[in-house]
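Trainee: Structure provided below as structure tokens; questions to follow.
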Amino acid sequence: MNIILNLVFGVLLVSCGGSGKIHSDEKTIAVIATKETVQSVNKTTKPVSISKDTSEIVGAPKTSTIKIKAKTEEETPKILVLDHSTWNDLLKKFVDDDGNVDYAGFKKDVASLEAYLKLLSQNAPSATWSKNEKLAFYINLYNAATVKLIVDNYPIKSIKDIPNRWKKEWISINEKVTSLNDIEHKILRKMNEPRIHFAINCASYSCPKLLNSAFTEQNLERLLSKATIDFVNDKKRNRFENGTAQLSKIFRWYKNDFTSNTSLLEYINTYLDNPTSKDAKVEYLDYDWSLNEAK
């Protein structure tokens with residue numbers, strides 16, 4: 001404060017007009033005073049301070065006012081386009097074309113996985129993001145967090161061996177902590193895109209396979225279509241023969257997501273290479289929860 005007052009009063013004493021202004025790029029100090037006022041300020045015995053809220057001299061004569069306009073703090077630069085390349089590189093390195101995962105390899109490179117999750121945690125979607133940007137973000141977050149969950153508990157035989165695996169809140173998003181369950185049910189499922197069920201992976205053989213490419217705003221539509229077509233036509237997960245549709249239990253668990261505008265089999269036929277009868281008998285296959293690990 002003393003430095004500021006000395007600067008101001010020094011300007012006043014050499015100012016012939018009895019008033020003066022100081023301008024700079026970082027702050028502006030406006031001074032309105034008479035020579036008599038300066039002398040009065042110099043002689044005053046009252047304590048002088050600067051009000052935190054008003055930036056005015058407290059205790060100085062009313063004819064002397066100093067207003068300080070401080071430089072506005074620069075905002076932390078925001079990432080305009082979130083880079084998912086770290087996750088993409090990890091997927092290329094540790095996931096094969098059939099969706100089998102090298103968790104031992106991920107464990108050795110866990111620092112890169114953690115760095116990617118930290119990047120996501122500090123750059124959560126804002127209201128200005130497009131729907132595709134948000135979908136890509138949360139699909140990648142869900143899959144990367146699932147891999148991290150397995151790596152932290154590896155070696156294991158099944159994700160179901162991990163207590164509270166989906167409900168535990170440990171995933172950071174802009175200083176908030178959430179769970180896999182909330183990402184899936186409170187965010188992704190509310191975005192009116194049922195194909196997310198074929199894009200997110202639960203680290204098990206009966207789940208849709210983990211793609212070895214990261215989702216982005218640009219490739220989202222292509223990868224969602226690919227994931228859905230691959231899953232529906234995968235005979236390990238769905239079978240259509242003799243007038244019967246033996247379906248993955250995903251179609252039972254999330255039936256309402258697929259049937260808001262059509263029947264379940266009509267939805268499936270949209271992606272099925274050889275459409276089945278819409279009157280086919282529907283059965284559900286057992287779900288294999290064993291770890292989708294590369295053998």
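Residues in the structure tokens are named by chain (A, B, ... in the order shown) and by number from 1 within that chain; ligands are numbered from 1 in the order shown.
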Find the residues near Leu247 (chain A): any atom within 8 Å, counting only C-alpha atoms, skip ones fewer than 4 places away on the same chain, and give them as a list in words.
Mentor: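 The filter keeps Arg237, Asn238, Arg239, Phe251, Val282, Glu283, Tyr284 and Leu285 of chain A.
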Trainee: How would you write, as a PyMOL selection string, the set of residues in region 241-270 of chain A that DSSP gives as strand (DSSP E)?
Mentor: chain A and resi 241+244-247
Trainee: Would you mind listing, for every residue of region 197-257 of chain A within 12 Å of region 145-160 of chain A, the two atoms forming the shortest contact and the distance between them in Å to one decimal, using only C-alpha atoms, sorted by chain and ascending residue number, as JSON lines?
Mentor:
{"residue": "A:Ile200", "atom": "CA", "partner": "A:Thr146", "partner_atom": "CA", "distance": 9.3}
{"residue": "A:Asn201", "atom": "CA", "partner": "A:Thr146", "partner_atom": "CA", "distance": 7.6}
{"residue": "A:Cys202", "atom": "CA", "partner": "A:Thr146", "partner_atom": "CA", "distance": 6.8}
{"residue": "A:Ala203", "atom": "CA", "partner": "A:Ile159", "partner_atom": "CA", "distance": 6.6}
{"residue": "A:Ser204", "atom": "CA", "partner": "A:Ser158", "partner_atom": "CA", "distance": 7.1}
{"residue": "A:Tyr205", "atom": "CA", "partner": "A:Ser158", "partner_atom": "CA", "distance": 9.7}
{"residue": "A:Ser206", "atom": "CA", "partner": "A:Ser158", "partner_atom": "CA", "distance": 11.7}
{"residue": "A:Cys207", "atom": "CA", "partner": "A:Ile159", "partner_atom": "CA", "distance": 11.6}
{"residue": "A:Leu210", "atom": "CA", "partner": "A:Val147", "partner_atom": "CA", "distance": 10.0}
Trainee: Write the residues of the selection above to a file with N, CA, C and O atoms, as a PDB file, in the first residue's frame.
Mentor:
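Below is the file that was written, selection.pdb:
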ATOM      1  N   ILE A 200     -20.020 -49.268 -25.102  1.00  0.00           N
ATOM      2  CA  ILE A 200     -19.372 -49.351 -23.790  1.00  0.00           C
ATOM      3  C   ILE A 200     -19.132 -50.816 -23.445  1.00  0.00           C
ATOM      4  O   ILE A 200     -19.924 -51.688 -23.785  1.00  0.00           O
ATOM      5  N   ASN A 201     -18.016 -51.054 -22.786  1.00  0.00           N
ATOM      6  CA  ASN A 201     -17.563 -52.424 -22.548  1.00  0.00           C
ATOM      7  C   ASN A 201     -17.458 -52.711 -21.057  1.00  0.00           C
ATOM      8  O   ASN A 201     -16.939 -51.904 -20.302  1.00  0.00           O
ATOM      9  N   CYS A 202     -17.940 -53.885 -20.649  1.00  0.00           N
ATOM     10  CA  CYS A 202     -17.941 -54.247 -19.227  1.00  0.00           C
ATOM     11  C   CYS A 202     -16.882 -55.288 -18.903  1.00  0.00           C
ATOM     12  O   CYS A 202     -16.980 -55.998 -17.896  1.00  0.00           O
ATOM     13  N   ALA A 203     -15.865 -55.392 -19.746  1.00  0.00           N
ATOM     14  CA  ALA A 203     -14.699 -56.257 -19.496  1.00  0.00           C
ATOM     15  C   ALA A 203     -15.063 -57.735 -19.405  1.00  0.00           C
ATOM     16  O   ALA A 203     -14.411 -58.494 -18.691  1.00  0.00           O
ATOM     17  N   SER A 204     -16.087 -58.141 -20.146  1.00  0.00           N
ATOM     18  CA  SER A 204     -16.527 -59.544 -20.119  1.00  0.00           C
ATOM     19  C   SER A 204     -16.770 -60.041 -21.538  1.00  0.00           C
ATOM     20  O   SER A 204     -17.055 -59.258 -22.445  1.00  0.00           O
ATOM     21  N   TYR A 205     -16.683 -61.360 -21.710  1.00  0.00           N
ATOM     22  CA  TYR A 205     -16.784 -61.932 -23.051  1.00  0.00           C
ATOM     23  C   TYR A 205     -18.150 -61.718 -23.700  1.00  0.00           C
ATOM     24  O   TYR A 205     -18.249 -61.570 -24.919  1.00  0.00           O
ATOM     25  N   SER A 206     -19.220 -61.715 -22.925  1.00  0.00           N
ATOM     26  CA  SER A 206     -20.550 -61.540 -23.524  1.00  0.00           C
ATOM     27  C   SER A 206     -20.894 -60.077 -23.792  1.00  0.00           C
ATOM     28  O   SER A 206     -21.900 -59.781 -24.423  1.00  0.00           O
ATOM     29  N   CYS A 207     -20.059 -59.171 -23.294  1.00  0.00           N
ATOM     30  CA  CYS A 207     -20.274 -57.749 -23.576  1.00  0.00           C
ATOM     31  C   CYS A 207     -19.935 -57.452 -25.031  1.00  0.00           C
ATOM     32  O   CYS A 207     -19.196 -58.209 -25.667  1.00  0.00           O
ATOM     33  N   LEU A 210     -14.649 -54.444 -26.941  1.00  0.00           N
ATOM     34  CA  LEU A 210     -13.988 -53.149 -26.818  1.00  0.00           C
ATOM     35  C   LEU A 210     -13.300 -52.841 -28.139  1.00  0.00           C
ATOM     36  O   LEU A 210     -12.402 -53.570 -28.574  1.00  0.00           O
TER      37      LEU A 210
END
Trainee: A:Ser260, A:Thr178, A:Asn242, A:Ser126: which is nearest Ala280 (chain A), counting only C-alpha atoms?
Mentor: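 Counting only C-alpha atoms, the residue closest to Ala280 (chain A) is A:Asn242.
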Trainee: I'd like the contact shell of region 78-94 of chain A - 8 Å cut-off, only C-alpha atoms, skipping same-chain residues fewer than 2 positions apart - returned as a PyMOL selection string.
Mentor: chain A and resi 76+96+101-103+105-106+112-113+116+123+140+144+211-216
Trainee: Write the selection just made, keeping N, CA and C atoms, as a compact mmCIF listing (two decimals), in the first residue's frame?
Mentor:
# COMPACT_ATOMS: atom_id res chain seq x y z
N THR A 76 -7.65 -19.52 -17.22
CA THR A 76 -6.89 -20.70 -17.61
C THR A 76 -7.32 -21.12 -19.01
N ASP A 96 -6.95 -56.30 -29.39
CA ASP A 96 -6.91 -56.83 -30.75
C ASP A 96 -8.23 -56.58 -31.47
N VAL A 101 -8.41 -58.09 -24.62
CA VAL A 101 -7.62 -57.05 -23.98
C VAL A 101 -6.39 -57.63 -23.29
N ASP A 102 -5.25 -56.99 -23.52
CA ASP A 102 -4.01 -57.34 -22.83
C ASP A 102 -3.91 -56.50 -21.56
N TYR A 103 -4.56 -56.98 -20.49
CA TYR A 103 -4.57 -56.21 -19.24
C TYR A 103 -3.18 -56.15 -18.59
N GLY A 105 -0.43 -55.83 -20.23
CA GLY A 105 0.22 -54.74 -20.93
C GLY A 105 -0.26 -53.39 -20.44
N PHE A 106 -1.58 -53.25 -20.25
CA PHE A 106 -2.13 -52.02 -19.70
C PHE A 106 -1.53 -51.72 -18.33
N SER A 112 0.18 -43.95 -18.52
CA SER A 112 -0.48 -43.32 -19.68
C SER A 112 -2.00 -43.36 -19.52
N LEU A 113 -2.50 -44.47 -19.01
CA LEU A 113 -3.94 -44.59 -18.78
C LEU A 113 -4.40 -43.57 -17.74
N TYR A 116 -4.51 -40.07 -19.20
CA TYR A 116 -5.69 -39.85 -20.04
C TYR A 116 -6.93 -39.60 -19.17
N ASN A 123 -11.42 -31.73 -18.12
CA ASN A 123 -12.03 -31.12 -19.31
C ASN A 123 -13.39 -31.73 -19.61
N ASN A 140 -15.71 -42.99 -24.07
CA ASN A 140 -14.28 -43.20 -23.80
C ASN A 140 -14.00 -43.24 -22.31
N ALA A 144 -12.33 -46.43 -20.56
CA ALA A 144 -11.00 -46.25 -19.96
C ALA A 144 -11.06 -46.50 -18.45
N LEU A 211 -13.73 -51.78 -28.81
CA LEU A 211 -13.10 -51.40 -30.07
C LEU A 211 -11.69 -50.90 -29.81
N ASN A 212 -10.78 -51.16 -30.75
CA ASN A 212 -9.41 -50.68 -30.57
C ASN A 212 -9.18 -49.33 -31.25
N SER A 213 -10.22 -48.50 -31.20
CA SER A 213 -10.15 -47.11 -31.66
C SER A 213 -10.93 -46.25 -30.68
N ALA A 214 -10.39 -45.09 -30.36
CA ALA A 214 -11.10 -44.16 -29.49
C ALA A 214 -12.23 -43.48 -30.25
N PHE A 215 -13.31 -43.17 -29.57
CA PHE A 215 -14.41 -42.42 -30.18
C PHE A 215 -14.06 -40.94 -30.21
N THR A 216 -14.45 -40.27 -31.28
CA THR A 216 -14.30 -38.83 -31.42
C THR A 216 -15.58 -38.26 -31.99
Trainee: One decimal, Å: what's the distance from CA of Tyr138 (chain A) over to CA of Thr262 (chain A), could you say?
Mentor: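 Atom-to-atom, CA of Tyr138 (chain A) to CA of Thr262 (chain A), that is 26.2 Å.
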Trainee: Tell me, as a CSV table (one decimal) with all heavy atoms, in the first residue's frame, which residues lie within 12 Å of Glu221 (chain A), counting only C-alpha atoms; anything in the same chain fewer than 4 positions away does not count.
Mentor:
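Result went into part_27.csv, see below:
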chain,number,residue,atom,x,y,z
A,131,LYS,N,-23.7,-32.9,-29.2
A,131,LYS,CA,-24.1,-34.2,-28.7
A,131,LYS,C,-23.0,-35.2,-29.0
A,131,LYS,O,-22.7,-36.1,-28.1
A,131,LYS,CB,-25.4,-34.6,-29.3
A,131,LYS,CG,-25.9,-35.9,-28.8
A,131,LYS,CD,-27.3,-36.3,-29.4
A,131,LYS,CE,-27.7,-37.7,-28.9
A,131,LYS,NZ,-29.1,-38.0,-29.5
A,132,ASN,N,-22.5,-35.2,-30.2
A,132,ASN,CA,-21.5,-36.2,-30.6
A,132,ASN,C,-20.2,-36.1,-29.7
A,132,ASN,O,-19.6,-37.1,-29.4
A,132,ASN,CB,-21.2,-36.1,-32.1
A,132,ASN,CG,-22.2,-36.8,-32.9
A,132,ASN,OD1,-23.3,-37.2,-32.4
A,132,ASN,ND2,-22.0,-36.8,-34.2
A,133,GLU,N,-19.8,-34.8,-29.4
A,133,GLU,CA,-18.6,-34.6,-28.6
A,133,GLU,C,-18.9,-35.2,-27.2
A,133,GLU,O,-18.0,-35.9,-26.6
A,133,GLU,CB,-18.3,-33.1,-28.4
A,133,GLU,CG,-17.6,-32.5,-29.6
A,133,GLU,CD,-17.3,-31.0,-29.4
A,133,GLU,OE1,-18.3,-30.2,-29.4
A,133,GLU,OE2,-16.2,-30.7,-29.2
A,135,LEU,N,-21.1,-37.6,-26.3
A,135,LEU,CA,-21.2,-39.0,-26.4
A,135,LEU,C,-19.8,-39.7,-26.5
A,135,LEU,O,-19.5,-40.6,-25.8
A,135,LEU,CB,-22.0,-39.5,-27.6
A,135,LEU,CG,-23.5,-39.4,-27.5
A,135,LEU,CD1,-24.2,-39.5,-28.8
A,135,LEU,CD2,-24.0,-40.5,-26.5
A,136,ALA,N,-18.9,-39.1,-27.3
A,136,ALA,CA,-17.6,-39.6,-27.5
A,136,ALA,C,-16.8,-39.5,-26.1
A,136,ALA,O,-16.1,-40.5,-25.7
A,136,ALA,CB,-16.8,-38.9,-28.5
A,193,GLU,N,-29.6,-42.3,-27.4
A,193,GLU,CA,-28.8,-43.0,-28.4
A,193,GLU,C,-28.6,-44.5,-27.9
A,193,GLU,O,-27.6,-44.8,-27.2
A,193,GLU,CB,-27.5,-42.3,-28.6
A,193,GLU,CG,-26.5,-43.0,-29.5
A,193,GLU,CD,-27.2,-43.4,-30.8
A,193,GLU,OE1,-27.3,-42.5,-31.7
A,193,GLU,OE2,-27.6,-44.5,-31.0
A,195,ARG,N,-27.5,-47.1,-29.2
A,195,ARG,CA,-26.3,-47.8,-29.7
A,195,ARG,C,-25.2,-47.7,-28.7
A,195,ARG,O,-24.2,-48.4,-28.8
A,195,ARG,CB,-25.9,-47.3,-31.0
A,195,ARG,CG,-26.9,-47.6,-32.2
A,195,ARG,CD,-26.5,-47.0,-33.5
A,195,ARG,NE,-26.5,-45.6,-33.4
A,195,ARG,CZ,-26.1,-44.8,-34.5
A,195,ARG,NH1,-25.6,-45.3,-35.6
A,195,ARG,NH2,-26.1,-43.5,-34.3
A,196,ILE,N,-25.3,-46.8,-27.7
A,196,ILE,CA,-24.2,-46.7,-26.7
A,196,ILE,C,-24.0,-48.1,-26.0
A,196,ILE,O,-22.9,-48.4,-25.5
A,196,ILE,CB,-24.5,-45.6,-25.6
A,196,ILE,CG1,-25.8,-45.9,-24.9
A,196,ILE,CG2,-24.5,-44.3,-26.3
A,196,ILE,CD1,-25.6,-46.4,-23.5
A,199,ALA,N,-21.3,-49.9,-27.5
A,199,ALA,CA,-20.0,-49.1,-27.5
A,199,ALA,C,-19.3,-49.2,-26.2
A,199,ALA,O,-18.0,-49.1,-26.2
A,199,ALA,CB,-20.2,-47.7,-27.9
A,215,PHE,N,-13.3,-43.2,-29.6
A,215,PHE,CA,-14.4,-42.4,-30.2
A,215,PHE,C,-14.1,-40.9,-30.2
A,215,PHE,O,-13.4,-40.4,-29.3
A,215,PHE,CB,-15.7,-42.6,-29.4
A,215,PHE,CG,-16.3,-44.0,-29.6
A,215,PHE,CD1,-15.9,-45.1,-28.9
A,215,PHE,CD2,-17.4,-44.2,-30.5
A,215,PHE,CE1,-16.4,-46.3,-29.0
A,215,PHE,CE2,-18.0,-45.4,-30.7
A,215,PHE,CZ,-17.5,-46.5,-30.0
A,216,THR,N,-14.5,-40.3,-31.3
A,216,THR,CA,-14.3,-38.8,-31.4
A,216,THR,C,-15.6,-38.3,-32.0
A,216,THR,O,-16.5,-39.0,-32.5
A,216,THR,CB,-13.1,-38.5,-32.4
A,216,THR,OG1,-13.4,-38.9,-33.7
A,216,THR,CG2,-11.8,-39.1,-31.9
A,217,GLU,N,-15.7,-37.0,-32.0
A,217,GLU,CA,-16.9,-36.3,-32.6
A,217,GLU,C,-17.0,-36.7,-34.1
A,217,GLU,O,-18.1,-37.0,-34.6
A,217,GLU,CB,-16.8,-34.8,-32.4
A,217,GLU,CG,-17.9,-34.1,-33.1
A,217,GLU,CD,-17.8,-32.6,-33.0
A,217,GLU,OE1,-16.6,-32.1,-32.9
A,217,GLU,OE2,-18.8,-31.8,-33.2
A,225,SER,N,-22.2,-47.3,-35.5
A,225,SER,CA,-22.9,-48.2,-36.5
A,225,SER,C,-22.0,-49.5,-36.6
A,225,SER,O,-22.6,-50.6,-36.6
A,225,SER,CB,-22.9,-47.5,-37.9
A,225,SER,OG,-23.9,-46.5,-37.9
A,226,LYS,N,-20.7,-49.4,-36.6
A,226,LYS,CA,-19.9,-50.6,-36.7
A,226,LYS,C,-20.1,-51.4,-35.5
A,226,LYS,O,-20.2,-52.7,-35.6
A,226,LYS,CB,-18.4,-50.1,-36.8
A,226,LYS,CG,-17.4,-51.3,-36.7
A,226,LYS,CD,-16.0,-50.8,-36.8
A,226,LYS,CE,-15.0,-51.9,-36.4
A,226,LYS,NZ,-15.2,-53.2,-37.2
A,227,ALA,N,-20.1,-50.8,-34.3
A,227,ALA,CA,-20.2,-51.6,-33.1
A,227,ALA,C,-21.5,-52.3,-33.0
A,227,ALA,O,-21.6,-53.5,-32.6
A,227,ALA,CB,-20.0,-50.7,-31.9
A,228,THR,N,-22.6,-51.6,-33.4
A,228,THR,CA,-23.9,-52.2,-33.4
A,228,THR,C,-24.1,-53.4,-34.4
A,228,THR,O,-24.6,-54.5,-34.1
A,228,THR,CB,-25.0,-51.2,-33.7
A,228,THR,OG1,-24.8,-50.1,-32.8
A,228,THR,CG2,-26.4,-51.7,-33.6
Trainee: So which residues touch Asp257 (chain A) within 12 Å, counting only C-alpha atoms, skipping near sequence neighbours fewer than 2 positions away, as a ChimeraX atom specification?
Mentor: /A:185,188-197,250-255,259-264,267
Trainee: Mind giving me the straight-line distance from CA of Asp234 (chain A) to CA of Ser179 (chain A) in Å, one decimal?
Mentor: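 Atom-to-atom, CA of Asp234 (chain A) and CA of Ser179 (chain A) are spaced 29.3 Å apart.
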Trainee: CA of Asp98 (chain A) to CA of Ile171 (chain A): how many Å, to one decimal?
Mentor: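 These two atoms are separated by 27.2 Å.
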Trainee: Please run DSSP on the backbone and report, as a ChimeraX atom specification, all residues within region 68-294 of chain A that come out as alpha helix (DSSP H).
Mentor: /A:85-94,103-108,110-121,131-153,180-182,220-232,250-253,255-258,264-269
